[in-house]
>>> print(open('coords-v1.pdb').read())   # PDB, C-alpha atoms
MODEL        1
ATOM      1  CA  MET A 992     -67.114 -13.753  55.092  1.00  0.00           C
ATOM      2  CA  ARG A 993     -65.866 -10.193  55.316  1.00  0.00           C
ATOM      3  CA  SER A 994     -67.939  -7.516  56.984  1.00  0.00           C
ATOM      4  CA  ALA A 995     -68.557  -4.009  55.754  1.00  0.00           C
ATOM      5  CA  ALA A 996     -70.234  -0.941  57.174  1.00  0.00           C
ATOM      6  CA  VAL A 997     -72.132   1.757  55.301  1.00  0.00           C
ATOM      7  CA  ILE A 998     -72.392   5.331  56.523  1.00  0.00           C
ATOM      8  CA  ILE A 999     -74.626   7.887  54.835  1.00  0.00           C
ATOM      9  CA  ALA A1000     -73.612  11.488  55.580  1.00  0.00           C
ATOM     10  CA  SER A1001     -76.778  13.469  54.962  1.00  0.00           C
ATOM     11  CA  THR A1002     -78.202  16.026  57.336  1.00  0.00           C
ATOM     12  CA  ARG A1003     -81.547  15.949  55.475  1.00  0.00           C
ATOM     13  CA  ALA A1004     -81.823  12.150  55.470  1.00  0.00           C
ATOM     14  CA  ALA A1005     -80.827  11.961  59.148  1.00  0.00           C
ATOM     15  CA  ALA A1006     -83.598  14.472  59.938  1.00  0.00           C
ATOM     16  CA  GLY A1007     -86.139  12.460  57.937  1.00  0.00           C
ATOM     17  CA  THR A1008     -86.804  15.179  55.357  1.00  0.00           C
ATOM     18  CA  TYR A1009     -85.140  13.249  52.550  1.00  0.00           C
ATOM     19  CA  GLN A1010     -85.207   9.544  51.706  1.00  0.00           C
ATOM     20  CA  ASP A1011     -81.699   8.207  51.171  1.00  0.00           C
ATOM     21  CA  GLU A1012     -81.423   6.135  48.000  1.00  0.00           C
ATOM     22  CA  CYS A1013     -77.722   5.280  48.199  1.00  0.00           C
ATOM     23  CA  ALA A1014     -77.524   2.881  51.165  1.00  0.00           C
ATOM     24  CA  PRO A1015     -79.698   0.213  49.505  1.00  0.00           C
ATOM     25  CA  LEU A1016     -77.491   0.337  46.390  1.00  0.00           C
ATOM     26  CA  ILE A1017     -74.314  -0.054  48.417  1.00  0.00           C
ATOM     27  CA  THR A1018     -75.605  -2.834  50.693  1.00  0.00           C
ATOM     28  CA  ALA A1019     -76.983  -4.822  47.738  1.00  0.00           C
ATOM     29  CA  TRP A1020     -73.673  -4.420  45.911  1.00  0.00           C
ATOM     30  CA  LEU A1021     -71.753  -5.622  48.979  1.00  0.00           C
ATOM     31  CA  ALA A1022     -74.071  -8.626  49.415  1.00  0.00           C
ATOM     32  CA  GLU A1023     -73.554  -9.609  45.760  1.00  0.00           C
ATOM     33  CA  ARG A1024     -69.836  -9.785  46.533  1.00  0.00           C
ATOM     34  CA  GLY A1025     -70.207 -11.849  49.684  1.00  0.00           C
ATOM     35  CA  TYR A1026     -69.736  -9.066  52.235  1.00  0.00           C
ATOM     36  CA  GLN A1027     -71.918  -9.054  55.302  1.00  0.00           C
ATOM     37  CA  ALA A1028     -73.280  -5.561  55.836  1.00  0.00           C
ATOM     38  CA  ALA A1029     -72.999  -4.577  59.480  1.00  0.00           C
ATOM     39  CA  GLY A1030     -75.816  -2.106  59.083  1.00  0.00           C
ATOM     40  CA  THR A1031     -76.234   1.385  57.777  1.00  0.00           C
ATOM     41  CA  ASP A1032     -75.762   4.576  59.736  1.00  0.00           C
ATOM     42  CA  VAL A1033     -77.629   7.589  58.402  1.00  0.00           C
ATOM     43  CA  VAL A1034     -76.132  10.570  60.177  1.00  0.00           C
ATOM     44  CA  ALA A1035     -75.871  14.315  59.831  1.00  0.00           C
ATOM     45  CA  ASP A1036     -72.730  15.808  58.368  1.00  0.00           C
ATOM     46  CA  GLY A1037     -70.027  16.912  60.783  1.00  0.00           C
ATOM     47  CA  ASP A1038     -69.582  15.489  64.276  1.00  0.00           C
ATOM     48  CA  PRO A1039     -72.294  12.797  63.926  1.00  0.00           C
ATOM     49  CA  PHE A1040     -70.430  11.494  60.880  1.00  0.00           C
ATOM     50  CA  ARG A1041     -67.118  11.599  62.768  1.00  0.00           C
ATOM     51  CA  GLN A1042     -68.615   9.562  65.613  1.00  0.00           C
ATOM     52  CA  ALA A1043     -70.174   6.982  63.280  1.00  0.00           C
ATOM     53  CA  LEU A1044     -66.909   6.568  61.354  1.00  0.00           C
ATOM     54  CA  ALA A1045     -64.898   6.147  64.556  1.00  0.00           C
ATOM     55  CA  GLU A1046     -67.345   3.527  65.847  1.00  0.00           C
ATOM     56  CA  ARG A1047     -67.422   1.543  62.605  1.00  0.00           C
ATOM     57  CA  LEU A1048     -63.627   1.574  62.285  1.00  0.00           C
ATOM     58  CA  ALA A1049     -63.289   0.398  65.895  1.00  0.00           C
ATOM     59  CA  GLU A1050     -65.459  -2.597  64.969  1.00  0.00           C
ATOM     60  CA  GLY A1051     -62.766  -3.707  62.515  1.00  0.00           C
ATOM     61  CA  HIS A1052     -64.761  -4.081  59.303  1.00  0.00           C
ATOM     62  CA  ALA A1053     -62.914  -4.994  56.129  1.00  0.00           C
ATOM     63  CA  ALA A1054     -64.515  -2.019  54.399  1.00  0.00           C
ATOM     64  CA  VAL A1055     -66.311   1.137  55.454  1.00  0.00           C
ATOM     65  CA  ILE A1056     -68.128   2.776  52.565  1.00  0.00           C
ATOM     66  CA  THR A1057     -69.558   6.235  53.013  1.00  0.00           C
ATOM     67  CA  SER A1058     -71.859   8.224  50.779  1.00  0.00           C
ATOM     68  CA  GLY A1059     -72.574  11.935  50.839  1.00  0.00           C
ATOM     69  CA  GLY A1060     -70.914  15.036  52.168  1.00  0.00           C
ATOM     70  CA  THR A1061     -68.282  15.205  49.426  1.00  0.00           C
ATOM     71  CA  GLY A1062     -69.503  18.352  47.684  1.00  0.00           C
ATOM     72  CA  LEU A1063     -69.037  22.030  48.382  1.00  0.00           C
ATOM     73  CA  SER A1064     -71.931  22.846  50.701  1.00  0.00           C
ATOM     74  CA  PRO A1065     -70.823  24.471  53.965  1.00  0.00           C
ATOM     75  CA  ASP A1066     -71.615  21.316  55.947  1.00  0.00           C
ATOM     76  CA  ASP A1067     -69.991  18.889  53.460  1.00  0.00           C
ATOM     77  CA  LEU A1068     -67.136  17.787  55.724  1.00  0.00           C
ATOM     78  CA  THR A1069     -66.943  14.074  54.951  1.00  0.00           C
ATOM     79  CA  PRO A1070     -63.524  14.251  53.230  1.00  0.00           C
ATOM     80  CA  GLU A1071     -61.929  16.373  55.935  1.00  0.00           C
ATOM     81  CA  ILE A1072     -63.240  14.113  58.688  1.00  0.00           C
ATOM     82  CA  THR A1073     -62.292  10.937  56.832  1.00  0.00           C
ATOM     83  CA  ALA A1074     -58.751  12.245  56.337  1.00  0.00           C
ATOM     84  CA  GLU A1075     -58.365  12.405  60.133  1.00  0.00           C
ATOM     85  CA  PHE A1076     -58.691   8.604  60.254  1.00  0.00           C
ATOM     86  CA  LEU A1077     -56.683   7.550  57.198  1.00  0.00           C
ATOM     87  CA  GLU A1078     -53.189   6.161  57.601  1.00  0.00           C
ATOM     88  CA  ARG A1079     -52.567   5.581  53.890  1.00  0.00           C
ATOM     89  CA  HIS A1080     -54.300   7.285  50.970  1.00  0.00           C
ATOM     90  CA  LEU A1081     -55.268   5.597  47.702  1.00  0.00           C
ATOM     91  CA  PRO A1082     -55.669   8.589  45.375  1.00  0.00           C
ATOM     92  CA  GLY A1083     -55.756   6.477  42.218  1.00  0.00           C
ATOM     93  CA  ILE A1084     -59.123   5.044  43.212  1.00  0.00           C
ATOM     94  CA  MET A1085     -60.638   8.500  43.591  1.00  0.00           C
ATOM     95  CA  GLU A1086     -59.064   9.645  40.328  1.00  0.00           C
ATOM     96  CA  ALA A1087     -60.643   6.667  38.562  1.00  0.00           C
ATOM     97  CA  MET A1088     -64.029   7.387  40.167  1.00  0.00           C
ATOM     98  CA  ARG A1089     -64.000  11.012  39.064  1.00  0.00           C
ATOM     99  CA  GLU A1090     -62.918   9.982  35.577  1.00  0.00           C
ATOM    100  CA  ALA A1091     -65.737   7.446  35.323  1.00  0.00           C
ATOM    101  CA  GLY A1092     -68.248  10.011  36.535  1.00  0.00           C
ATOM    102  CA  ARG A1093     -67.003  12.728  34.165  1.00  0.00           C
ATOM    103  CA  ALA A1094     -67.965  10.478  31.258  1.00  0.00           C
ATOM    104  CA  LYS A1095     -71.574  11.175  32.331  1.00  0.00           C
ATOM    105  CA  THR A1096     -71.469  14.593  33.982  1.00  0.00           C
ATOM    106  CA  PRO A1097     -68.880  17.314  34.494  1.00  0.00           C
ATOM    107  CA  MET A1098     -70.142  17.619  38.088  1.00  0.00           C
ATOM    108  CA  ALA A1099     -68.183  14.456  38.985  1.00  0.00           C
ATOM    109  CA  SER A1100     -65.072  16.658  39.086  1.00  0.00           C
ATOM    110  CA  LEU A1101     -66.492  18.359  42.185  1.00  0.00           C
ATOM    111  CA  SER A1102     -66.435  15.229  44.360  1.00  0.00           C
ATOM    112  CA  ARG A1103     -63.771  15.653  47.025  1.00  0.00           C
ATOM    113  CA  GLY A1104     -63.867  12.203  48.611  1.00  0.00           C
ATOM    114  CA  TYR A1105     -60.966  10.084  49.798  1.00  0.00           C
ATOM    115  CA  ALA A1106     -60.058   6.423  49.644  1.00  0.00           C
ATOM    116  CA  GLY A1107     -57.498   4.873  51.938  1.00  0.00           C
ATOM    117  CA  THR A1108     -56.809   2.606  54.847  1.00  0.00           C
ATOM    118  CA  SER A1109     -57.295   2.825  58.578  1.00  0.00           C
ATOM    119  CA  GLY A1110     -55.740  -0.131  60.341  1.00  0.00           C
ATOM    120  CA  THR A1111     -56.960  -3.158  58.411  1.00  0.00           C
ATOM    121  CA  SER A1112     -60.048  -1.375  57.072  1.00  0.00           C
ATOM    122  CA  PHE A1113     -60.482   0.059  53.607  1.00  0.00           C
ATOM    123  CA  VAL A1114     -62.380   3.366  53.705  1.00  0.00           C
ATOM    124  CA  ILE A1115     -63.921   5.188  50.767  1.00  0.00           C
ATOM    125  CA  ASN A1116     -66.126   8.250  50.347  1.00  0.00           C
ATOM    126  CA  LEU A1117     -68.677   7.956  47.547  1.00  0.00           C
ATOM    127  CA  PRO A1118     -70.786  10.881  46.361  1.00  0.00           C
ATOM    128  CA  GLY A1119     -74.295  11.315  47.712  1.00  0.00           C
ATOM    129  CA  SER A1120     -76.180  10.658  44.477  1.00  0.00           C
ATOM    130  CA  PRO A1121     -77.289   7.225  43.266  1.00  0.00           C
ATOM    131  CA  SER A1122     -75.531   7.770  39.935  1.00  0.00           C
ATOM    132  CA  GLY A1123     -72.312   8.823  41.672  1.00  0.00           C
ATOM    133  CA  VAL A1124     -72.532   5.782  43.932  1.00  0.00           C
ATOM    134  CA  GLY A1125     -73.025   3.554  40.892  1.00  0.00           C
ATOM    135  CA  ASP A1126     -69.974   5.013  39.175  1.00  0.00           C
ATOM    136  CA  GLY A1127     -67.913   4.525  42.325  1.00  0.00           C
ATOM    137  CA  LEU A1128     -69.029   0.942  42.816  1.00  0.00           C
ATOM    138  CA  ASP A1129     -68.217   0.146  39.186  1.00  0.00           C
ATOM    139  CA  VAL A1130     -64.655   1.344  39.814  1.00  0.00           C
ATOM    140  CA  LEU A1131     -64.435  -0.609  43.085  1.00  0.00           C
ATOM    141  CA  ALA A1132     -65.774  -3.890  41.663  1.00  0.00           C
ATOM    142  CA  PRO A1133     -62.418  -5.263  40.463  1.00  0.00           C
ATOM    143  CA  LEU A1134     -60.467  -3.736  43.379  1.00  0.00           C
ATOM    144  CA  LEU A1135     -62.270  -4.326  46.664  1.00  0.00           C
ATOM    145  CA  ASP A1136     -61.381  -7.984  47.250  1.00  0.00           C
ATOM    146  CA  HIS A1137     -57.757  -7.349  46.309  1.00  0.00           C
ATOM    147  CA  VAL A1138     -57.471  -4.377  48.658  1.00  0.00           C
ATOM    148  CA  CYS A1139     -59.074  -6.299  51.535  1.00  0.00           C
ATOM    149  CA  ALA A1140     -56.857  -9.350  50.985  1.00  0.00           C
ATOM    150  CA  GLN A1141     -53.755  -7.167  51.084  1.00  0.00           C
ATOM    151  CA  LEU A1142     -54.924  -5.480  54.286  1.00  0.00           C
ATOM    152  CA  GLU A1143     -55.431  -8.947  55.777  1.00  0.00           C
ATOM    153  CA  GLY A1144     -51.801  -9.695  54.979  1.00  0.00           C
ATOM    154  CA  ARG A1145     -52.611 -12.246  52.306  1.00  0.00           C
ATOM    155  CA  ASP A1146     -50.895 -12.468  48.960  1.00  0.00           C
ATOM    156  CA  ALA A1147     -53.679 -11.246  46.719  1.00  0.00           C
ATOM    157  CA  HIS A1148     -52.836 -12.232  43.166  1.00  0.00           C
ATOM    158  CA  ILE A1149     -55.536 -11.445  40.653  1.00  0.00           C
TER
ENDMDL
END
>>> encode(input="coords-v1.pdb", output="structure tokens")
Amino acid sequence: MRSAAVIIASTRAAAGTYQDECAPLITAWLAERGYQAAGTDVVADGDPFRQALAERLAEGHAAVITSGGTGLSPDDLTPEITAEFLERHLPGIMEAMREAGRAKTPMASLSRGYAGTSGTSFVINLPGSPSGVGDGLDVLAPLLDHVCAQLEGRDAHI
């Protein structure tokens, strides 16, 4: 069974002034696919996010899925911080996510997240809204196992 970590980048949720709705969606989706969730970190944007991402990547999870911090607010730094850790980028995944989201709202074009690899971990930044997370997970559904198998060095024919 592969493991996965979930990190929510939300200063308001980390402070307890906002109830995060995205982590339960992501962890349920992972469980449906046979991934063992290693827990959810709800952290403030910026350095707390950087620390959580570094810790989760050091644990060697097959996937690290983040949500939040991909917009244009001054403290939305999730993409910039994630880029520090990525060795290879997968821009096609993000293009597909934005395209799927644009079918519902033009605001999907504003998501600045990244997808890529760090060591043998797949990392992706999902938006901070439940609908944006849903769109992202729909795009990931046929891809995640294939990406993880390739990162494990296995021939992943689908």
>>> residues_around(input="coords-v1.pdb", residues="segment 1020-1027 of chain A", least_positions_apart="4", cutoff="9 Å", atoms="all atoms listed in the file", output="PyMOL selection string")
chain A and resi 992-996+1015-1016+1053+1128+1132+1136
>>> write_last_selection(input="coords-v1.pdb", atoms="C-alpha atoms", output="mmCIF file, in the coordinates of the input")
data_model
loop_
_atom_site.group_PDB
_atom_site.id
_atom_site.type_symbol
_atom_site.label_atom_id
_atom_site.label_comp_id
_atom_site.auth_asym_id
_atom_site.auth_seq_id
_atom_site.Cartn_x
_atom_site.Cartn_y
_atom_site.Cartn_z
ATOM 1 C CA MET A 992 -67.114 -13.753 55.092
ATOM 2 C CA ARG A 993 -65.866 -10.193 55.316
ATOM 3 C CA SER A 994 -67.939 -7.516 56.984
ATOM 4 C CA ALA A 995 -68.557 -4.009 55.754
ATOM 5 C CA ALA A 996 -70.234 -0.941 57.174
ATOM 6 C CA PRO A 1015 -79.698 0.213 49.505
ATOM 7 C CA LEU A 1016 -77.491 0.337 46.390
ATOM 8 C CA ALA A 1053 -62.914 -4.994 56.129
ATOM 9 C CA LEU A 1128 -69.029 0.942 42.816
ATOM 10 C CA ALA A 1132 -65.774 -3.890 41.663
ATOM 11 C CA ASP A 1136 -61.381 -7.984 47.250
#
>>> atom_distance(input="coords-v1.pdb", atom1="atom CA of Gln1042 of chain A", atom2="atom CA of Leu1131 of chain A")
25.1 Å
>>> closest_atom_pairs(input="coords-v1.pdb", of="segment 1014-1082 of chain A", to="segment 1092-1109 of chain A", cutoff="8 Å", atoms="only C-alpha atoms", output="Markdown table")
| residue | atom | partner | partner_atom | distance |
| --- | --- | --- | --- | --- |
| A:Leu1048 | CA | A:Ser1109 | CA | 7.4 |
| A:Thr1061 | CA | A:Arg1103 | CA | 5.1 |
| A:Gly1062 | CA | A:Ser1102 | CA | 5.5 |
| A:Leu1063 | CA | A:Leu1101 | CA | 7.6 |
| A:Thr1069 | CA | A:Gly1104 | CA | 7.3 |
| A:Pro1070 | CA | A:Gly1104 | CA | 5.1 |
| A:Thr1073 | CA | A:Tyr1105 | CA | 7.2 |
| A:Ala1074 | CA | A:Tyr1105 | CA | 7.2 |
| A:Phe1076 | CA | A:Ser1109 | CA | 6.2 |
| A:Leu1077 | CA | A:Ser1109 | CA | 5.0 |
| A:Glu1078 | CA | A:Ser1109 | CA | 5.4 |
| A:Arg1079 | CA | A:Thr1108 | CA | 5.3 |
| A:His1080 | CA | A:Gly1107 | CA | 4.1 |
| A:Leu1081 | CA | A:Gly1107 | CA | 4.8 |
| A:Pro1082 | CA | A:Ala1106 | CA | 6.5 |
>>> residues_around(input="coords-v1.pdb", residues="Glu1046 of chain A", least_positions_apart="6", cutoff="12 Å", atoms="only C-alpha atoms", output="number ranges by chain")
A: 996-998, 1029, 1032, 1039-1040, 1052, 1055, 1076
>>> closest_residue(input="coords-v1.pdb", among="A:Glu1012, A:Asp1067, A:Glu1075, A:Glu1090", to="Ala1045 of chain A", atoms="all atoms listed in the file")
A:Glu1075
>>> closest_residue(input="coords-v1.pdb", among="A:Gln1141, A:Ser1001, A:Thr1111, A:Ser1122", to="Val1034 of chain A", atoms="all atoms listed in the file")
A:Ser1001
>>> closest_residue(input="coords-v1.pdb", among="A:Thr1018, A:Thr1002, A:Gln1010, A:Asn1116", to="Asp1036 of chain A", atoms="all atoms listed in the file")
A:Thr1002
>>> atom_distance(input="coords-v1.pdb", atom1="atom CA of Leu1044 of chain A", atom2="atom CA of Gly1119 of chain A")
16.2 Å
>>> residues_around(input="coords-v1.pdb", residues="Gly1037 of chain A", least_positions_apart="3", cutoff="7 Å", atoms="all atoms listed in the file", output="PyMOL selection string")
chain A and resi 1040-1041+1066+1068
>>> atom_distance(input="coords-v1.pdb", atom1="atom CA of Gly1125 of chain A", atom2="atom CA of Glu1143 of chain A")
26.2 Å
>>> residues_near_point(input="coords-v1.pdb", point="(-79.9, 6.5, 45.8)", cutoff="6 Å", atoms="all atoms listed in the file", output="list of chain:residue names")
A:Asp1011, A:Glu1012, A:Cys1013, A:Ser1120, A:Pro1121
>>> closest_residue(input="coords-v1.pdb", among="A:Gly1030, A:Gly1051, A:Gly1059, A:Gly1007", to="Leu1117 of chain A", atoms="only C-alpha atoms")
A:Gly1059
